[in-house]
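Asker: The structure is given below, and queries will be raised subsequently.
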Amino acid sequence: MNDPNRDFNEVIRTIRKEDPRYARGAYYFLRQALDFSLKEMHHKGDLDKSNHLSGQQLLEGIRLYAIDQYGPMARSVLKYWGVSECRDFGNIVFNLVECRVLGKTDQDSPEDFNDGYHFKDAFDRPYLPKQKPTIKRPSLR
C-alpha cells in the first residue's frame, strides 16, 4: 500500500538536496495552503472546472491560511522556514512542479509570484492596534 505522505517526504528530500533554501515545513505548509485555497475558492464559486489557481490566487490563500494557522506568528514561522517574500512561494511551487507533484499551464511561471504582497503588511498589519484619531484640543492660554 502506497503512503502518499511517504512519497511526499521522498520528493521533499530530493528537492532539498538540489535546493536547500527552504525547510521541509515550508513544503508541507504550501501543500496544506493549496488545499485550503482550493476549498475556499470552490466555496466562493470562484474556481473553474480545471481546479487551477493563478499565482495571485494561491498567494492570497497562503496569506489567509498562514494567519489562520499561526496568527501573529505567521511571518516569523515563514521566515524560520526560509520564506520571506512571495517569490519564495513561487520557487517552492515550481520545485514541486519540476517533481510533478503540482501541475502548471503553459502560461504559469515563478514570476507570477513576484508581485504579491509585502510580508510585513500581509502578516503583521492585521494584528497592529487600530490608531485612534488624535483630537486637537484648544489651547487654554
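If you're wondering about the labels, chains in the C-alpha cells are A, B, ... by order shown, residues count from 1 in each chain, ligands from 1 in order shown.
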From a DSSP pass on the backbone, collect the residues of chain A flagged as helix (DSSP H, G or I) and hand them back as a VMD selection string.

Answerer: chain A and resid 4 to 18 24 to 44 55 to 80 86 to 98 110 to 113 119 to 127

Asker: Write the residues you've just listed into a file as a short mmCIF file (atom, residue, chain, number, x, y, z; two decimals), in the first residue's frame, and include C-alpha atoms for each of them.

Answerer:
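Dumped to part06.cif:
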data_model
loop_
_atom_site.label_atom_id
_atom_site.label_comp_id
_atom_site.auth_asym_id
_atom_site.auth_seq_id
_atom_site.Cartn_x
_atom_site.Cartn_y
_atom_site.Cartn_z
CA PRO A 4 1.23 9.47 -0.07
CA ASN A 5 2.99 11.23 2.82
CA ARG A 6 5.98 8.93 2.48
CA ASP A 7 6.12 9.69 -1.23
CA PHE A 8 5.87 13.41 -0.47
CA ASN A 9 8.65 13.04 2.11
CA GLU A 10 10.84 11.49 -0.59
CA VAL A 11 10.02 14.29 -3.03
CA ILE A 12 10.95 16.92 -0.45
CA ARG A 13 14.16 15.11 0.41
CA THR A 14 15.08 15.04 -3.30
CA ILE A 15 14.20 18.71 -3.81
CA ARG A 16 16.17 19.82 -0.75
CA LYS A 17 19.29 18.02 -1.98
CA GLU A 18 19.21 20.27 -5.06
CA ARG A 24 10.71 20.88 4.97
CA GLY A 25 7.94 22.67 6.84
CA ALA A 26 7.58 25.19 4.02
CA TYR A 27 6.69 22.42 1.57
CA TYR A 28 4.13 20.86 3.92
CA PHE A 29 2.67 24.27 4.64
CA LEU A 30 2.40 25.06 0.93
CA ARG A 31 0.62 21.79 0.24
CA GLN A 32 -1.87 22.48 3.05
CA ALA A 33 -2.32 26.10 1.96
CA LEU A 34 -3.06 24.92 -1.57
CA ASP A 35 -5.78 22.57 -0.29
CA PHE A 36 -7.17 25.40 1.85
CA SER A 37 -7.14 27.78 -1.14
CA LEU A 38 -8.91 25.32 -3.41
CA LYS A 39 -11.64 24.73 -0.81
CA GLU A 40 -12.09 28.46 -0.23
CA MET A 41 -12.26 29.26 -3.94
CA HIS A 42 -14.67 26.38 -4.55
CA HIS A 43 -16.86 27.52 -1.66
CA LYS A 44 -16.98 31.07 -3.07
CA GLY A 55 -0.14 32.59 -8.61
CA GLN A 56 -2.03 35.57 -7.16
CA GLN A 57 -4.97 33.41 -6.07
CA LEU A 58 -2.63 30.97 -4.37
CA LEU A 59 -0.74 33.80 -2.65
CA GLU A 60 -3.97 35.13 -1.17
CA GLY A 61 -4.90 31.65 0.01
CA ILE A 62 -1.44 31.23 1.52
CA ARG A 63 -1.80 34.56 3.36
CA LEU A 64 -5.20 33.62 4.78
CA TYR A 65 -4.09 30.12 5.74
CA ALA A 66 -0.92 31.37 7.45
CA ILE A 67 -2.91 33.87 9.51
CA ASP A 68 -5.47 31.20 10.34
CA GLN A 69 -2.80 28.69 11.44
CA TYR A 70 -0.16 30.90 13.05
CA GLY A 71 -1.85 34.20 13.84
CA PRO A 72 0.61 36.96 14.74
CA MET A 73 3.50 34.48 14.48
CA ALA A 74 2.87 33.75 10.78
CA ARG A 75 5.68 35.90 9.40
CA SER A 76 8.15 34.51 11.97
CA VAL A 77 7.23 30.91 11.16
CA LEU A 78 7.61 31.52 7.43
CA LYS A 79 10.95 33.25 7.96
CA TYR A 80 12.13 30.28 10.05
CA CYS A 86 6.16 35.93 -2.24
CA ARG A 87 8.80 34.90 -4.76
CA ASP A 88 9.88 32.20 -2.30
CA PHE A 89 6.44 30.61 -2.62
CA GLY A 90 6.85 30.66 -6.39
CA ASN A 91 10.18 28.86 -6.04
CA ILE A 92 8.62 26.23 -3.80
CA VAL A 93 5.67 25.75 -6.16
CA PHE A 94 7.93 25.32 -9.16
CA ASN A 95 10.22 22.93 -7.28
CA LEU A 96 7.08 20.82 -6.78
CA VAL A 97 6.09 21.31 -10.43
CA GLU A 98 9.52 20.04 -11.52
CA PRO A 110 7.68 31.54 -11.00
CA GLU A 111 7.44 35.24 -11.89
CA ASP A 112 3.67 35.04 -11.26
CA PHE A 113 4.55 35.24 -7.57
CA PHE A 119 5.12 40.18 4.27
CA LYS A 120 5.12 42.87 6.97
CA ASP A 121 1.85 44.31 5.65
CA ALA A 122 0.26 40.93 4.94
CA PHE A 123 1.08 39.20 8.21
CA ASP A 124 1.71 41.92 10.80
CA ARG A 125 -0.83 44.62 9.95
CA PRO A 126 -3.91 42.57 10.92
CA TYR A 127 -2.56 42.43 14.49
#

Asker: Residues of region 43-109 of chain A that approach region 19-23 of chain A to 7 Å or less, counting only C-alpha atoms: could you list each one with the shortest pair of atoms and its distance in Å to one decimal, rows by chain and increasing residue number, as a tab-separated table?

Answerer:
residue	atom	partner	partner_atom	distance
A:Trp81	CA	A:Ala23	CA	4.7
A:Gly82	CA	A:Tyr22	CA	4.9
A:Val83	CA	A:Tyr22	CA	6.8

Asker: Which residue out of A:Tyr117, A:Leu53, A:Asp108, A:Val101 has the minimum interatomic distance to Ser84 (chain A) when only C-alpha atoms are used?

Answerer: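 Going through A:Tyr117, A:Leu53, A:Asp108, A:Val101 one by one, the smallest distance to Ser84 (chain A) is for A:Tyr117.
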
Asker: Mind giving me the straight-line distance from CA of Gly116 (chain A) to CA of Gln131 (chain A) in Å, one decimal?

Answerer: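 Spanning CA of Gly116 (chain A) to CA of Gln131 (chain A) is a straight-line distance of 25.7 Å.
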